[in-house]
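data-v5.tsv, holding TSV, C-alpha atoms:
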```
chain	number	residue	atom	x	y	z
S	456	MET	CA	-30.91	-41.23	-13.95
S	457	THR	CA	-28.02	-42.65	-11.89
S	458	THR	CA	-26.94	-41.29	-8.50
S	459	ARG	CA	-23.54	-40.45	-9.97
S	460	ALA	CA	-25.11	-38.27	-12.69
S	461	VAL	CA	-27.06	-36.29	-10.06
S	462	ALA	CA	-24.08	-35.95	-7.71
S	463	ALA	CA	-21.65	-34.73	-10.38
S	464	PRO	CA	-23.03	-31.16	-10.77
S	465	GLY	CA	-23.04	-30.74	-6.98
S	466	LEU	CA	-19.45	-31.92	-6.81
S	467	VAL	CA	-18.41	-29.56	-9.58
S	468	SER	CA	-20.06	-26.56	-7.94
S	469	ARG	CA	-18.49	-27.46	-4.56
S	470	ALA	CA	-15.06	-27.70	-6.20
S	471	ALA	CA	-15.59	-24.40	-7.99
S	472	GLY	CA	-16.62	-22.81	-4.70
S	473	LEU	CA	-13.49	-24.13	-3.00
S	474	VAL	CA	-11.25	-22.81	-5.78
S	475	ALA	CA	-13.02	-19.44	-5.52
S	476	ASP	CA	-12.37	-19.43	-1.76
S	477	TYR	CA	-8.67	-20.15	-2.24
S	478	VAL	CA	-8.54	-17.27	-4.73
S	479	ARG	CA	-10.49	-15.08	-2.28
S	480	LEU	CA	-7.92	-15.88	0.40
S	481	THR	CA	-5.35	-13.95	-1.66
S	482	LYS	CA	-7.58	-10.78	-1.76
S	483	PRO	CA	-7.45	-10.33	-5.56
S	484	ARG	CA	-9.13	-6.89	-5.53
S	485	VAL	CA	-6.48	-5.46	-3.19
S	486	ILE	CA	-3.70	-7.00	-5.27
S	487	SER	CA	-4.95	-5.49	-8.53
S	488	LEU	CA	-3.87	-1.97	-7.52
S	489	LEU	CA	-0.51	-3.29	-6.26
S	490	LEU	CA	0.11	-5.04	-9.57
S	491	LEU	CA	-0.82	-1.91	-11.48
S	492	THR	CA	1.91	0.03	-9.62
S	493	THR	CA	4.32	-2.83	-10.35
S	494	LEU	CA	3.51	-2.85	-14.06
S	495	LEU	CA	3.67	0.93	-14.46
S	496	ALA	CA	6.95	1.07	-12.52
S	497	MET	CA	8.30	-1.46	-15.04
S	498	VAL	CA	7.21	0.75	-17.94
S	499	MET	CA	8.80	3.77	-16.26
S	500	ALA	CA	12.11	2.00	-15.57
S	501	GLU	CA	12.23	0.59	-19.09
S	502	GLY	CA	11.15	3.84	-20.76
S	503	GLY	CA	8.72	1.72	-22.79
S	504	TRP	CA	6.92	-1.60	-22.67
S	505	PRO	CA	9.18	-4.33	-21.18
S	506	SER	CA	9.43	-7.80	-22.74
S	507	GLY	CA	6.25	-9.88	-22.54
S	508	ARG	CA	8.08	-12.67	-20.72
S	509	THR	CA	9.35	-10.32	-17.98
S	510	VAL	CA	5.90	-8.79	-17.56
S	511	LEU	CA	4.25	-12.21	-17.34
S	512	TRP	CA	6.59	-13.68	-14.72
S	513	THR	CA	6.64	-10.46	-12.70
S	514	MET	CA	2.84	-10.29	-12.61
S	515	VAL	CA	2.45	-13.97	-11.72
S	516	GLY	CA	5.20	-13.88	-9.10
S	517	GLY	CA	4.00	-10.54	-7.74
S	518	TYR	CA	0.44	-11.83	-7.43
S	519	LEU	CA	1.55	-14.96	-5.59
S	520	ALA	CA	3.81	-13.01	-3.19
S	521	ALA	CA	1.06	-10.52	-2.32
S	522	GLY	CA	-1.52	-13.32	-2.24
S	523	GLY	CA	0.65	-15.38	0.11
S	524	ALA	CA	1.05	-12.39	2.42
S	525	ASN	CA	-2.71	-11.74	2.39
S	526	ALA	CA	-3.49	-15.39	3.11
S	527	ILE	CA	-1.04	-15.47	6.04
S	528	ASN	CA	-2.66	-12.25	7.30
S	529	GLN	CA	-6.08	-13.89	7.24
S	530	TRP	CA	-4.70	-16.97	8.99
S	531	PHE	CA	-3.14	-14.79	11.72
S	532	ASP	CA	-6.15	-12.48	12.12
S	533	ARG	CA	-8.81	-15.20	12.12
S	534	ASP	CA	-9.67	-14.46	15.78
S	535	ILE	CA	-10.63	-10.83	15.09
S	536	ASP	CA	-11.92	-11.46	11.56
S	537	ALA	CA	-14.61	-13.70	13.06
S	538	ARG	CA	-15.87	-10.81	15.20
S	539	MET	CA	-15.92	-8.11	12.51
S	540	ARG	CA	-18.93	-7.82	10.23
S	541	ARG	CA	-16.83	-6.94	7.17
S	542	THR	CA	-14.54	-9.98	7.54
S	543	SER	CA	-16.82	-12.56	9.17
S	544	ASN	CA	-17.49	-14.27	5.84
S	545	ARG	CA	-13.83	-14.80	4.94
S	546	PRO	CA	-12.96	-18.38	3.97
S	547	ILE	CA	-11.08	-19.32	7.17
S	548	VAL	CA	-13.41	-17.82	9.78
S	549	SER	CA	-16.50	-19.16	8.03
S	550	GLY	CA	-14.97	-22.66	8.15
S	551	ARG	CA	-14.85	-23.18	4.38
S	552	ILE	CA	-11.05	-23.54	4.50
S	553	GLY	CA	-9.27	-24.99	7.55
S	554	PRO	CA	-6.58	-22.79	9.17
S	555	VAL	CA	-3.82	-25.35	8.57
S	556	HIS	CA	-4.81	-25.77	4.93
S	557	ALA	CA	-4.83	-21.98	4.52
S	558	LEU	CA	-1.38	-21.62	6.07
S	559	VAL	CA	0.13	-24.43	3.98
S	560	TYR	CA	-1.42	-22.89	0.86
S	561	ALA	CA	-0.10	-19.42	1.80
S	562	LEU	CA	3.43	-20.69	2.40
S	563	THR	CA	3.37	-22.75	-0.80
S	564	ILE	CA	2.38	-19.87	-3.05
S	565	SER	CA	4.89	-17.60	-1.25
S	566	VAL	CA	7.74	-20.02	-1.99
S	567	ALA	CA	6.43	-20.44	-5.55
S	568	SER	CA	6.50	-16.66	-6.02
S	569	ALA	CA	10.14	-16.45	-4.93
S	570	LEU	CA	11.11	-19.26	-7.33
S	571	ILE	CA	9.12	-17.83	-10.24
S	572	LEU	CA	10.56	-14.34	-9.76
S	573	GLY	CA	14.09	-15.63	-9.10
S	574	PHE	CA	14.33	-17.97	-12.08
S	575	GLY	CA	11.92	-16.11	-14.39
S	576	VAL	CA	13.04	-12.51	-13.75
S	577	ASN	CA	16.00	-11.97	-11.39
S	578	TRP	CA	16.87	-12.63	-7.76
S	579	LEU	CA	16.74	-8.95	-6.72
S	580	THR	CA	13.09	-8.91	-7.76
S	581	ALA	CA	12.47	-12.14	-5.86
S	582	GLY	CA	14.20	-10.74	-2.76
S	583	LEU	CA	12.17	-7.52	-2.86
S	584	ALA	CA	8.88	-9.41	-3.23
S	585	LEU	CA	9.89	-11.54	-0.25
S	586	LEU	CA	10.77	-8.37	1.67
S	587	GLY	CA	7.26	-7.03	1.02
S	588	LEU	CA	5.77	-10.27	2.31
S	589	VAL	CA	7.93	-10.26	5.45
S	590	LEU	CA	7.08	-6.60	6.16
S	591	TYR	CA	3.36	-7.25	5.76
S	592	VAL	CA	3.28	-10.42	7.83
S	593	PHE	CA	5.74	-9.64	10.61
S	594	LEU	CA	5.97	-5.84	10.80
S	595	TYR	CA	2.32	-4.97	10.13
S	596	THR	CA	0.17	-8.00	10.93
S	597	TRP	CA	2.13	-9.60	13.75
S	598	TRP	CA	3.70	-6.58	15.45
S	599	LEU	CA	2.13	-3.20	14.77
S	600	LYS	CA	-1.52	-3.75	13.81
S	601	ARG	CA	-2.69	-4.47	17.35
S	602	ALA	CA	-0.05	-2.35	19.09
S	603	THR	CA	-0.03	1.24	17.83
S	604	THR	CA	-2.02	3.87	15.96
S	605	GLN	CA	1.03	4.21	13.71
S	606	ASN	CA	0.41	0.64	12.46
S	607	ILE	CA	-0.63	1.70	8.99
S	608	VAL	CA	2.08	4.35	8.64
S	609	ILE	CA	5.05	2.06	9.29
S	610	GLY	CA	3.32	-1.12	8.11
S	611	GLY	CA	2.43	0.72	4.91
S	612	ALA	CA	6.00	0.09	3.79
S	613	ALA	CA	4.86	-3.41	2.81
S	614	GLY	CA	2.33	-2.09	0.32
S	615	ALA	CA	4.92	0.27	-1.13
S	616	VAL	CA	7.26	-2.52	-2.20
S	617	PRO	CA	5.48	-3.48	-5.50
S	618	PRO	CA	6.91	-0.50	-7.48
S	619	LEU	CA	10.39	-1.55	-6.30
S	620	VAL	CA	9.63	-5.06	-7.57
S	621	GLY	CA	8.56	-3.68	-10.94
S	622	TRP	CA	11.57	-1.40	-11.25
S	623	ALA	CA	13.99	-4.18	-10.30
S	624	ALA	CA	12.31	-6.56	-12.76
S	625	ALA	CA	12.78	-4.13	-15.64
S	626	GLU	CA	16.18	-2.72	-14.79
S	627	GLY	CA	17.87	-5.31	-12.59
S	628	SER	CA	18.69	-2.67	-9.96
S	629	ILE	CA	16.96	0.06	-7.95
S	630	GLY	CA	17.93	3.72	-7.90
S	631	LEU	CA	16.45	7.06	-6.87
S	632	GLY	CA	13.49	6.68	-9.25
S	633	ALA	CA	12.46	3.42	-7.61
S	634	ILE	CA	12.87	4.86	-4.11
S	635	ILE	CA	10.65	7.84	-5.02
S	636	LEU	CA	7.94	5.50	-6.35
S	637	PHE	CA	8.19	3.54	-3.09
S	638	ALA	CA	7.80	6.85	-1.20
S	639	ILE	CA	4.72	7.86	-3.19
S	640	VAL	CA	2.90	4.67	-2.21
S	641	PHE	CA	4.28	4.82	1.35
S	642	TYR	CA	2.91	8.37	1.95
S	643	TRP	CA	-0.30	7.60	0.05
S	644	THR	CA	-1.18	4.74	2.41
S	645	PRO	CA	-2.13	6.73	5.58
S	646	PRO	CA	-4.74	9.03	3.95
S	647	HIS	CA	-6.05	6.11	1.89
S	648	PHE	CA	-6.34	3.68	4.77
S	649	TRP	CA	-7.54	6.11	7.42
S	650	ALA	CA	-10.39	7.18	5.13
S	651	LEU	CA	-11.40	3.50	5.09
S	652	ALA	CA	-10.78	3.15	8.83
S	653	LEU	CA	-13.26	5.97	9.43
S	654	LEU	CA	-15.91	3.78	7.80
S	655	LEU	CA	-14.89	0.71	9.83
S	656	ARG	CA	-14.09	2.32	13.18
S	657	LYS	CA	-16.86	0.51	15.08
S	658	ASP	CA	-15.61	-2.87	13.87
S	659	TYR	CA	-12.04	-2.01	14.84
S	660	ALA	CA	-13.15	-0.68	18.23
S	661	GLU	CA	-15.10	-3.85	18.93
S	662	VAL	CA	-12.07	-6.09	18.42
S	663	GLY	CA	-9.60	-3.72	20.10
S	664	VAL	CA	-7.45	-2.84	17.08
S	665	PRO	CA	-6.00	0.64	17.80
S	666	MET	CA	-6.71	2.23	14.44
S	667	LEU	CA	-6.41	6.01	14.50
S	668	PRO	CA	-10.18	6.79	14.49
S	669	VAL	CA	-10.68	4.42	17.44
S	670	VAL	CA	-7.93	5.93	19.59
S	671	ARG	CA	-7.90	9.60	18.59
S	672	GLY	CA	-11.38	10.13	17.22
S	673	VAL	CA	-13.01	10.97	13.93
S	674	GLU	CA	-12.06	14.67	13.76
S	675	GLU	CA	-8.38	14.04	14.46
S	676	THR	CA	-8.30	11.24	11.86
S	677	ALA	CA	-9.86	13.52	9.24
S	678	ARG	CA	-7.24	16.17	10.11
S	679	GLN	CA	-4.47	13.58	9.73
S	680	VAL	CA	-5.87	12.51	6.35
S	681	MET	CA	-5.58	16.14	5.25
S	682	LEU	CA	-2.00	16.57	6.56
S	683	TRP	CA	-0.73	13.30	5.08
S	684	THR	CA	-2.32	14.25	1.76
S	685	VAL	CA	-0.32	17.51	1.87
S	686	ILE	CA	2.85	15.45	2.44
S	687	LEU	CA	1.85	13.05	-0.35
S	688	VAL	CA	1.32	15.84	-2.86
S	689	GLY	CA	4.78	17.19	-1.97
S	690	VAL	CA	6.34	13.75	-2.43
S	691	SER	CA	4.50	13.32	-5.74
S	692	LEU	CA	6.49	16.28	-7.13
S	693	LEU	CA	9.86	14.68	-6.38
S	694	PRO	CA	10.06	12.72	-9.69
S	695	VAL	CA	10.15	16.13	-11.43
S	696	ALA	CA	12.66	17.57	-8.95
S	697	ALA	CA	14.90	14.52	-9.44
S	698	GLY	CA	14.72	14.89	-13.23
S	699	ILE	CA	12.98	11.55	-13.70
S	700	SER	CA	9.70	12.97	-15.03
S	701	GLY	CA	8.74	16.03	-17.05
S	702	ALA	CA	5.98	18.52	-17.79
S	703	PHE	CA	3.22	16.01	-18.59
S	704	TYR	CA	3.68	14.28	-15.25
S	705	LEU	CA	3.98	17.60	-13.39
S	706	ALA	CA	0.64	18.80	-14.79
S	707	SER	CA	-1.02	15.46	-14.00
S	708	ALA	CA	0.41	15.30	-10.46
S	709	GLY	CA	-0.67	18.89	-9.84
S	710	LEU	CA	-4.23	18.27	-11.00
S	711	LEU	CA	-4.61	14.94	-9.20
S	712	GLY	CA	-3.03	16.38	-6.06
S	713	ALA	CA	-5.41	19.35	-6.09
S	714	LEU	CA	-8.38	16.97	-6.39
S	715	PHE	CA	-7.11	14.75	-3.57
S	716	LEU	CA	-6.50	17.79	-1.36
S	717	GLY	CA	-10.00	19.03	-2.15
S	718	SER	CA	-11.50	15.68	-1.14
S	719	ALA	CA	-9.43	15.55	2.07
S	720	TRP	CA	-10.42	19.16	2.86
S	721	GLN	CA	-14.11	18.28	2.48
S	722	LEU	CA	-13.58	15.31	4.80
S	723	MET	CA	-11.86	17.50	7.40
S	724	ARG	CA	-14.71	20.03	7.29
S	725	SER	CA	-17.43	17.37	7.45
S	726	PRO	CA	-15.96	14.11	8.74
S	727	ASP	CA	-18.96	11.96	7.90
S	728	GLU	CA	-19.31	8.60	6.13
S	729	ARG	CA	-20.11	10.15	2.76
S	730	HIS	CA	-16.89	12.16	2.64
S	731	ALA	CA	-14.81	9.29	4.08
S	732	ARG	CA	-16.14	7.02	1.35
S	733	SER	CA	-15.49	9.52	-1.45
S	734	THR	CA	-11.95	10.23	-0.18
S	735	PHE	CA	-11.23	6.50	0.07
S	736	SER	CA	-12.55	5.86	-3.46
S	737	PHE	CA	-10.70	8.82	-4.93
S	738	SER	CA	-7.44	7.79	-3.25
S	739	MET	CA	-7.40	4.58	-5.31
S	740	LEU	CA	-8.13	6.41	-8.55
S	741	TYR	CA	-5.45	8.96	-7.60
S	742	LEU	CA	-2.73	6.34	-7.23
S	743	ALA	CA	-3.66	4.51	-10.42
S	744	LEU	CA	-3.74	7.73	-12.48
S	745	LEU	CA	-0.57	9.13	-10.91
S	746	PHE	CA	1.37	5.98	-11.80
S	747	ALA	CA	-0.18	5.99	-15.27
S	748	ALA	CA	1.03	9.59	-15.71
S	749	LEU	CA	4.53	8.58	-14.58
S	750	ALA	CA	4.59	5.76	-17.13
S	751	VAL	CA	3.20	7.89	-19.97
S	752	ASP	CA	5.71	10.65	-19.21
S	753	ALA	CA	8.56	8.12	-19.28
S	754	VAL	CA	7.46	6.87	-22.71
S	755	LEU	CA	6.91	10.34	-24.23
Z	728	MET	CA	11.19	23.20	-13.63
Z	729	SER	CA	13.13	20.79	-11.38
Z	730	LEU	CA	14.03	23.54	-8.92
Z	731	ALA	CA	10.46	24.86	-8.80
Z	732	ALA	CA	9.13	21.34	-8.18
Z	733	LEU	CA	11.70	20.82	-5.44
Z	734	LEU	CA	10.80	24.09	-3.70
Z	735	ILE	CA	7.05	23.41	-3.81
Z	736	ALA	CA	7.64	19.82	-2.64
Z	737	PHE	CA	9.83	21.11	0.21
Z	738	GLY	CA	7.16	23.61	1.30
Z	739	LEU	CA	4.33	21.07	1.30
Z	740	ILE	CA	6.39	18.38	3.00
Z	741	ALA	CA	7.73	20.79	5.65
Z	742	VAL	CA	4.25	22.04	6.59
Z	743	GLY	CA	2.59	18.61	6.55
Z	744	ALA	CA	5.38	16.72	8.32
Z	745	THR	CA	5.84	19.38	11.02
Z	746	LEU	CA	2.15	19.40	11.92
Z	747	VAL	CA	1.85	15.59	11.86
Z	748	ALA	CA	5.02	15.00	13.85
Z	749	ALA	CA	4.24	17.70	16.43
Z	750	GLY	CA	0.74	16.31	17.04
Z	751	ASP	CA	1.86	12.68	17.23
Z	752	TRP	CA	4.85	13.50	19.43
Z	753	ARG	CA	2.58	15.36	21.89
Z	754	VAL	CA	0.27	12.37	22.40
Z	755	ALA	CA	3.00	9.70	22.52
Z	756	PRO	CA	3.28	8.11	25.98
Z	757	ARG	CA	6.03	9.51	28.22
Z	758	GLY	CA	9.15	7.63	29.29
Z	759	ARG	CA	10.41	4.31	28.00
Z	760	ALA	CA	6.92	3.12	27.09
Z	761	GLY	CA	6.69	5.89	24.52
Z	762	ALA	CA	10.12	5.33	22.98
Z	763	LEU	CA	8.80	3.08	20.21
Z	764	GLU	CA	5.87	5.41	19.53
Z	765	ARG	CA	8.32	8.28	19.09
Z	766	LEU	CA	10.44	6.13	16.78
Z	767	TRP	CA	7.36	5.50	14.60
Z	768	VAL	CA	6.86	9.28	14.44
Z	769	ILE	CA	10.51	9.98	13.58
Z	770	LEU	CA	11.01	7.33	10.87
Z	771	PRO	CA	8.63	8.73	8.21
Z	772	VAL	CA	9.99	12.24	8.82
Z	773	ALA	CA	13.58	11.02	8.53
Z	774	PHE	CA	12.70	9.29	5.26
Z	775	LEU	CA	11.28	12.57	3.94
Z	776	VAL	CA	14.53	14.36	4.81
Z	777	VAL	CA	16.52	11.72	2.92
Z	778	LEU	CA	14.18	11.95	-0.09
Z	779	LEU	CA	14.49	15.74	-0.22
Z	780	ALA	CA	18.28	15.56	0.15
Z	781	PHE	CA	18.65	13.10	-2.73
Z	782	SER	CA	16.23	15.06	-4.90
Z	783	ALA	CA	18.10	18.32	-4.15
Z	784	ARG	CA	21.36	16.64	-5.09
Z	785	ALA	CA	19.79	15.60	-8.40
Z	786	VAL	CA	18.66	19.19	-9.05
Z	787	TRP	CA	22.12	20.60	-8.54
Z	788	SER	CA	24.12	17.81	-10.18
```
Can I see the file as structure tokens?
Amino acid sequence: MTTRAVAAPGLVSRAAGLVADYVRLTKPRVISLLLLTTLLAMVMAEGGWPSGRTVLWTMVGGYLAAGGANAINQWFDRDIDARMRRTSNRPIVSGRIGPVHALVYALTISVASALILGFGVNWLTAGLALLGLVLYVFLYTWWLKRATTQNIVIGGAAGAVPPLVGWAAAEGSIGLGAIILFAIVFYWTPPHFWALALLLRKDYAEVGVPMLPVVRGVEETARQVMLWTVILVGVSLLPVAAGISGAFYLASAGLLGALFLGSAWQLMRSPDERHARSTFSFSMLYLALLFAALAVDAVL
Amino acid sequence: MSLAALLIAFGLIAVGATLVAAGDWRVAPRGRAGALERLWVILPVAFLVVLLAFSARAVWS
């Protein structure tokens, strides 16, 4: 057996590992929910399934924009990521990808996303995706994350941009419907993220990030999760008030809202890890099903 | 149905936003140092007011 024949499998597995790390740098699991809101916003705006070509370019461009933002976030936060258990195995802090390589990669896929969305869909969509990236990198990561307990409230605007992207891709403009979808994700973010922050509060405290549970305690955070869920459920009814959605969506939003409120209530009464975890998990299901209901209602 | 949804939304938003804003405003630092903190409290509430106003206009148009 030659040396080359032995070395080849090792080389292939190293290359596969590197590719996997570059994919991991984009946080694909986080992006999947964002892309779902984008896709369902497209269906809602179109009143049916949009053209395959528009869906394809919007999904690819949307993934690259969000992935670029996530990679820049990991490049910027590499100092604290290295000291947090949850993030200490990320590709940059573990040394598998160099910081400069990560930043060049992040900027490259960000520019690629703008070009793909601009030429493949329309320039409003490209501009909105770029806006989401700028909000996430500069407003949340660079400015607010380490400065205020309101970091996730205001910075949450970045994560609320994907439905605007989807709406603009399908319709070429954004109106009240798109703004309401943005608002749903915007007001969903605090209860969703603070439920997670309750689970990670020791990590955040150790690196000095002023997440709400670190600064104002577990009980107050659980109370805020409850109050923001009340606001969210109110906002989730606005598509019906604005005449954009009908009875099917109203029933779905009512049921999902009642379940989310129930979960948040349990968390407020017993702010322990079990209830924080179940509220966090349900919040993701809530958003996915709520957007699915919006899309189904638009098609009916 | 639109009017009922608007009224329920208004009630939920008013209760939730008032309690959140009052609590956050109380703990915001005093003076100039707290100006930005207060802005972060005001912005989401202002956005809710705008959302309700546009939705109300849609109900009555």
(request) Quote the spacing between CA of Thr542 in chain S and CA of Val680 in chain S in Å to one decimal place. (result) 24.1 Å
(request) Could the residues of chain Z within 8 Å of chain S, counting only C-alpha atoms, be given as a ChimeraX atom specification, please? (result) /Z:728-733,735-744,746-747,764,767-768,771,778-779,781-783,785-786
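Put simply, CA of Gly761 in chain Z is 22.2 Å away from CA of Leu590 in chain S.
When CA of Thr481 in chain S is paired with CA of Asn525 in chain S, their separation reads 5.3 Å.
Around Ile769 in chain Z, within 9 Å and counting all atoms listed in the file, the residues found are Ala748, Trp752, Glu764 and Phe774 of chain Z, once anything fewer than 5 positions away on its own chain is removed.
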Just want the 9 Å neighbourhood of range 545-560 of chain S, counted on all atoms listed in the file, with same-chain residues fewer than 5 positions away dropped. Output as a PDB file with C-alpha atoms, in the coordinates of the input.
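selection09.pdb, written as the output of this step:
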```pdb
ATOM      1  CA  LEU S 473     -13.490 -24.130  -3.000  1.00  0.00           C
ATOM      2  CA  ASP S 476     -12.370 -19.430  -1.760  1.00  0.00           C
ATOM      3  CA  TYR S 477      -8.670 -20.150  -2.240  1.00  0.00           C
ATOM      4  CA  ARG S 479     -10.490 -15.080  -2.280  1.00  0.00           C
ATOM      5  CA  LEU S 480      -7.920 -15.880   0.400  1.00  0.00           C
ATOM      6  CA  GLY S 523       0.650 -15.380   0.110  1.00  0.00           C
ATOM      7  CA  ALA S 526      -3.490 -15.390   3.110  1.00  0.00           C
ATOM      8  CA  ILE S 527      -1.040 -15.470   6.040  1.00  0.00           C
ATOM      9  CA  GLN S 529      -6.080 -13.890   7.240  1.00  0.00           C
ATOM     10  CA  TRP S 530      -4.700 -16.970   8.990  1.00  0.00           C
ATOM     11  CA  ARG S 533      -8.810 -15.200  12.120  1.00  0.00           C
ATOM     12  CA  ASP S 534      -9.670 -14.460  15.780  1.00  0.00           C
ATOM     13  CA  ASP S 536     -11.920 -11.460  11.560  1.00  0.00           C
ATOM     14  CA  ALA S 537     -14.610 -13.700  13.060  1.00  0.00           C
ATOM     15  CA  SER S 565       4.890 -17.600  -1.250  1.00  0.00           C
TER      16      SER S 565
END
```
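Restricting the calculation to only C-alpha atoms, the smallest distance between Gly575 in chain S and any of S:Met499, S:Ala743, S:Leu466, S:Val510 is found for S:Val510.
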(request) Would you kindly return, as a ChimeraX atom specification, each protein, DNA or RNA residue with an atom no farther than 7 Å from any atom of Ile486 in chain S, considering all atoms listed in the file and excluding same-chain residues fewer than 3 positions away? (result) /S:482-483,489-490,518,521
Can you report as AutoDock Vina command-line options the centre and edge lengths in Å, to one decimal, of an axis-aligned box around the listed atoms of range 561-571 of chain S padded with 6 Å on each side?
```
--center_x 5.5 --center_y -19.6 --center_z -3.9 --size_x 23.2 --size_y 18.3 --size_z 24.6
```
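The shortest atom-to-atom distance to Val673 in chain S, with all atoms listed in the file taken into account, belongs to S:Arg724 out of S:Arg484, S:Arg538, S:His647, S:Arg724.
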(message) Counting only C-alpha atoms, which residue out of S:Ser543, S:Asn528, S:Thr676, S:Ser628 sits closest to Val592 in chain S?
(response) S:Asn528
(request) May I have the residues within 10 Å of Glu501 in chain S as a PyMOL selection string, using only C-alpha atoms and disregarding those fewer than 2 positions away in the same chain? (result) chain S and resi 495-499+503-506+621-622+624-626+750+753-754
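Comparing the minimum interatomic distances between Val616 in chain S and each of S:Phe637, S:Phe715, S:Trp720, S:Trp512, counting only C-alpha atoms, we find that S:Phe637 sits nearest.
Compared by their closest atoms to Ala524 in chain S, and using all atoms listed in the file, the residues S:Met539, S:Val662, S:Leu667, S:Leu586 rank with S:Leu586 nearest.
Those residues that approach range 567-574 of chain S to within 7 Å, counting all atoms listed in the file, are S:Trp512, S:Thr513, S:Gly516, S:Gly517, S:Leu519, S:Ala520, S:Thr580, S:Ala581, S:Leu585; same-chain residues fewer than 5 positions away are not listed.
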